[in-house]
Amino acid sequence: MIRKATVLAVAALSLGLLVAACQPAEPVIQEVRVVETQEVQVNVPVEFVMESARLDAVRDRGQLVCGVNTSVPGFGFVDANGLNVGFDPDVCRALAAAIFGDPAAVEFRPLTAAERFTALQTNEIDVLSRNTTWTMSRDVELGTDFGPTTFYDGQGMLVPKAKGFTSLDDMGGAAICVLAGTTTEANLADAFNTRGLEYEALVLDTGDATAAAYDEGRCDGLTSDKSQLAGLRTTMTTPDDHVILPETMSKEPLGPVWAHGDQQWGDMVRWVVWSLIVAEEKGITQANVADIAASDPKDPETRRLLGIEGEFGALLGLEPDFVIDVITAVGNYGEIYERHLGPAGTNIPREGTLNALWTDGGLIYAPPWR
Amino acid sequence: MARSPSRSFEPFWRDVRVLRVAGQIAFTLAALAVAAWLVSNLNQALEARGLDLSFSFLRRTAGFAITQGPGMVRTDPYWKAFLVGLANSLSVILAGLVLTTLIGLLAGIALLSPNWLLRNAARTYVEVIRNTPLLVQLFFIYFGVVLTMPSLQDRLELGPVILSQRGVWLPRPVPQDGYPIWLASVAVGLALGVWAYTRRERRRRLTGEETRPFLSALALIVGLPLLGWIVLPEPPLSFETAVLDGLRMVGGLRMTPEFFALLLGLVLYTGAFIADIVRAGILAVAHGQREAARSLGLSEGNVLRLVVLPQSMRVVIPPLTNQYLNLAKNSSLAFGIGYLDLYAVSQIIFNQSGQAVQVIALLMATYLALSLLISVVMNWFNRRMAIPGR
């Protein structure tokens, strides 16, 4: 009898655990948002702090869950020590620093190109920072919101020097390696169709496999975003035997993505990313941020950015001086770029490109901090 | 057995008949409740994000192209991509089922061979293949074997067959002027062959005379077309071999490296399991049957063909069905090596359209239908092979 009772108890307990485990991790965000927005519009004064259900959930959890890539050097890679390094993981660290004051309070979730949107839709991750192209259908149809573009990319073609291609027009009948389920795959069809050229696509499901098949000679060309090609080129047996063709086949604005519905969460992510850009504009770096904050700076926007003036942190539900934590943790936009994509990293030139600061003729621009 | 007088006084909750029914009802209710909860959870999540579950997206333009198998262009709708994936899956599954049966049968017989080398070679094949994961084997075959073959420029030409890392090319038969006449001679040869076989076989059964029905049928089926080929002024078929044109080969029949690697992987893997099933089937036939057949003076080959294998079928077919189903389902590993089968195409559709739930539902329904089809055919075959009265 006792054994039977034990079995029953265990069964009941495990069923309960199962049910608990299957419960959605976050509350239903949509409803919360509607209520809050109405309150703000109707009867709340200017200084009201809008609350984000997700921000609360992240605080309770003590960690930000961030979807990243693990196979593109420069943008998202796992280094020899098992650490997630790259441009995109650093955006996650910046967010963690803003929320917790601790850039290490991030759980990185490696995602394939195919899994990433489902992970957002099912609330498995709080934010996706995984070289994801902002397109209309993704923005409108998938239940996702796109943040400020952190990198302006374009699709290119990596080819072996020995084949002697000088442009896409030479590639009629070529076999092209491409990663499945990406905008890249669709752009490839567009580019060859426009030129009236035939091609054979070899479609693989991971970046590693795609690069390996190209390196083995299965394809005459490997197509992907140019920034990724620069990284992938370094992983080839002899990198110098390969060259990226001059053509750019598409616009690929990359940036952080989150689930549609919690606008306050979206505002928080957006302004943390913009704080990196404003900091670069103002010359605030990882090394001098503490000194500048302590020296009572004159520039009004710097004062607002660092929380010396105004309540800008509180508006986002963050500490007043969260930008100091962010810059201390990861540096400004330019420093993140240098660290991963500069000459020390995958060496993607910044000067004169769309990714230069707007003051240098690029597109990296943030709205005023006021 | 004595009747229990207290039966009518037992409370209903101790009545085994009530308990049985109640247990079943409780289980059904629990299962329904779990299902309903899962569905409502899904609906809530979808509603919260403004997603709907309609299949109308299948009619939208796909925007990507598929260049494998029947292929599709970027302006085709999603459903066409799905069909291309299905066609690619079916071709590798059908070819795989035929080849793996052959490999499995041969290896299974070899496992019991008196020849030491043959027996141990077969045993090594079965143990190595059966005890390593299929995906690892596929990666090895694709990246380690197929892709390390020479490039298109340095392709191997073995007579009419061309081997390279870009694929395997066989000559393609092209009909010429005399082709319809020759085709007629093939048809006549086939019809005469079948007629001769049944006639001679009947005579052999009735009289016991050795009429060699198979040989005479073969002579007709091969002989007449051969005669037609020689008599016609020019050969009815010419063979076109592939030639290099710029970056690719033109002409000939091409097997892509991805198809080749997947087929080889599936055939070898499933064949190893079938070999052991065949071995067990043969051992399940009573030894006396074999001895009786030998004592009638049948050759070793005939003992196997006429006495042992037909009887072992009864033991072999049910587990064989399982292996056939495994092959069909394992074909979904194709994506790992770049073969665009049903699963791979579905992944692409799901990712390009974002309609995860519908695509996965469609995918599962298709695989289910495919598996049930294989089961139905194999069960029919099983009933046919059953020995009446046993």
# chains A, B, ... in the order shown; residues from 1 in each chain; ligands from 1

call {"tool": "select_by_dssp", "arguments": {"residues": "segment 70-190 of chain A", "states": "strand (DSSP E or B)", "output": "ChimeraX atom specification"}}
result
/A:71-72,76-78,84-85,106-110,127-133,144-146,151-153,155-160,174-179

call {"tool": "write_last_selection", "arguments": {"atoms": "N, CA and C atoms", "output": "tab-separated table (two decimals), in the first residue's frame"}}
result
chain	number	residue	atom	x	y	z
A	71	SER	N	28.18	31.21	-35.39
A	71	SER	CA	29.09	30.74	-36.45
A	71	SER	C	29.52	31.83	-37.43
A	72	VAL	N	29.34	33.10	-37.05
A	72	VAL	CA	29.83	34.15	-37.95
A	72	VAL	C	30.87	34.99	-37.21
A	76	GLY	N	28.95	37.06	-34.34
A	76	GLY	CA	28.47	36.18	-33.29
A	76	GLY	C	29.22	34.87	-33.41
A	77	PHE	N	30.06	34.59	-32.45
A	77	PHE	CA	30.97	33.46	-32.57
A	77	PHE	C	31.26	32.96	-31.16
A	78	VAL	N	31.64	31.70	-31.02
A	78	VAL	CA	32.06	31.21	-29.71
A	78	VAL	C	33.57	31.09	-29.75
A	84	ASN	N	30.64	33.78	-25.83
A	84	ASN	CA	30.01	34.35	-27.01
A	84	ASN	C	30.62	35.71	-27.27
A	85	VAL	N	31.32	35.84	-28.40
A	85	VAL	CA	31.94	37.11	-28.71
A	85	VAL	C	31.40	37.64	-30.02
A	106	VAL	N	23.59	37.85	-18.86
A	106	VAL	CA	22.94	37.47	-20.12
A	106	VAL	C	23.03	35.97	-20.27
A	107	GLU	N	21.92	35.36	-20.69
A	107	GLU	CA	22.00	33.97	-21.10
A	107	GLU	C	21.94	33.98	-22.63
A	108	PHE	N	23.02	33.51	-23.26
A	108	PHE	CA	23.04	33.49	-24.72
A	108	PHE	C	22.38	32.22	-25.23
A	109	ARG	N	21.46	32.39	-26.16
A	109	ARG	CA	20.76	31.23	-26.72
A	109	ARG	C	21.18	31.11	-28.19
A	110	PRO	N	22.02	30.09	-28.53
A	110	PRO	CA	22.43	29.96	-29.93
A	110	PRO	C	21.22	29.58	-30.79
A	127	VAL	N	15.26	39.10	-26.53
A	127	VAL	CA	15.66	39.92	-27.68
A	127	VAL	C	16.55	39.05	-28.57
A	128	LEU	N	16.44	39.31	-29.87
A	128	LEU	CA	17.22	38.57	-30.85
A	128	LEU	C	18.27	39.53	-31.39
A	129	SER	N	19.54	39.17	-31.22
A	129	SER	CA	20.60	40.00	-31.75
A	129	SER	C	21.48	39.09	-32.59
A	130	ARG	N	21.04	38.85	-33.82
A	130	ARG	CA	21.67	37.80	-34.60
A	130	ARG	C	21.63	38.17	-36.07
A	131	ASN	N	22.42	39.15	-36.46
A	131	ASN	CA	22.47	39.64	-37.84
A	131	ASN	C	21.20	39.33	-38.63
A	132	THR	N	20.10	39.93	-38.19
A	132	THR	CA	18.80	39.69	-38.81
A	132	THR	C	18.39	40.88	-39.66
A	133	THR	N	18.07	40.61	-40.91
A	133	THR	CA	17.70	41.69	-41.83
A	133	THR	C	16.28	42.16	-41.58
A	144	THR	N	6.95	40.54	-34.94
A	144	THR	CA	8.24	40.99	-34.41
A	144	THR	C	8.40	42.48	-34.66
A	145	ASP	N	9.21	43.13	-33.81
A	145	ASP	CA	9.53	44.55	-34.01
A	145	ASP	C	11.04	44.67	-34.19
A	146	PHE	N	11.44	45.57	-35.07
A	146	PHE	CA	12.87	45.74	-35.36
A	146	PHE	C	13.40	47.02	-34.72
A	151	PHE	N	23.95	47.75	-38.19
A	151	PHE	CA	24.94	47.49	-39.23
A	151	PHE	C	24.24	47.47	-40.58
A	152	TYR	N	24.70	48.32	-41.50
A	152	TYR	CA	24.12	48.33	-42.85
A	152	TYR	C	24.93	47.40	-43.73
A	153	ASP	N	24.28	46.30	-44.09
A	153	ASP	CA	24.99	45.26	-44.83
A	153	ASP	C	24.41	45.17	-46.23
A	155	GLN	N	24.29	42.11	-49.70
A	155	GLN	CA	24.68	40.76	-50.07
A	155	GLN	C	25.77	40.78	-51.13
A	156	GLY	N	26.76	39.94	-50.96
A	156	GLY	CA	27.85	39.86	-51.92
A	156	GLY	C	28.12	38.42	-52.32
A	157	MET	N	29.16	38.24	-53.11
A	157	MET	CA	29.50	36.90	-53.60
A	157	MET	C	30.99	36.66	-53.40
A	158	LEU	N	31.31	35.59	-52.69
A	158	LEU	CA	32.70	35.20	-52.51
A	158	LEU	C	33.04	34.16	-53.58
A	159	VAL	N	34.12	34.38	-54.31
A	159	VAL	CA	34.49	33.43	-55.37
A	159	VAL	C	35.97	33.09	-55.26
A	160	PRO	N	36.35	31.92	-55.77
A	160	PRO	CA	37.78	31.59	-55.80
A	160	PRO	C	38.47	32.45	-56.87
A	174	ALA	N	26.73	28.87	-62.97
A	174	ALA	CA	27.56	28.54	-61.81
A	174	ALA	C	26.74	27.85	-60.72
A	175	ALA	N	27.44	27.08	-59.88
A	175	ALA	CA	26.81	26.53	-58.68
A	175	ALA	C	27.10	27.48	-57.54
A	176	ILE	N	26.06	27.85	-56.77
A	176	ILE	CA	26.22	28.83	-55.70
A	176	ILE	C	25.81	28.20	-54.37
A	177	CYS	N	26.68	28.29	-53.38
A	177	CYS	CA	26.33	27.82	-52.04
A	177	CYS	C	25.61	28.94	-51.28
A	178	VAL	N	24.52	28.61	-50.63
A	178	VAL	CA	23.74	29.63	-49.93
A	178	VAL	C	23.09	29.03	-48.69
A	179	LEU	N	22.94	29.86	-47.67
A	179	LEU	CA	22.32	29.42	-46.42
A	179	LEU	C	20.80	29.43	-46.57

call {"tool": "select_by_dssp", "arguments": {"residues": "segment 160-235 of chain B", "states": "helix (DSSP H, G or I)", "output": "VMD selection string"}}
result
chain B and resid 179 to 207 213 to 231

call {"tool": "atom_distance", "arguments": {"atom1": "atom CA of Leu237 of chain B", "atom2": "atom CA of Gln176 of chain B"}}
result
5.4 Å

call {"tool": "residues_around", "arguments": {"residues": "segment 273-286 of chain A", "least_positions_apart": "2", "cutoff": "8 Å", "atoms": "only C-alpha atoms", "output": "number ranges by chain"}}
result
A: 91, 94, 148, 150, 269-271, 288-289, 292, 302, 305, 323, 326-335, 357, 359, 364-367, 369

call {"tool": "interface_residues", "arguments": {"of": "chain B", "to": "chain A", "cutoff": "8 Å", "atoms": "only C-alpha atoms", "output": "count of residues only"}}
result
35
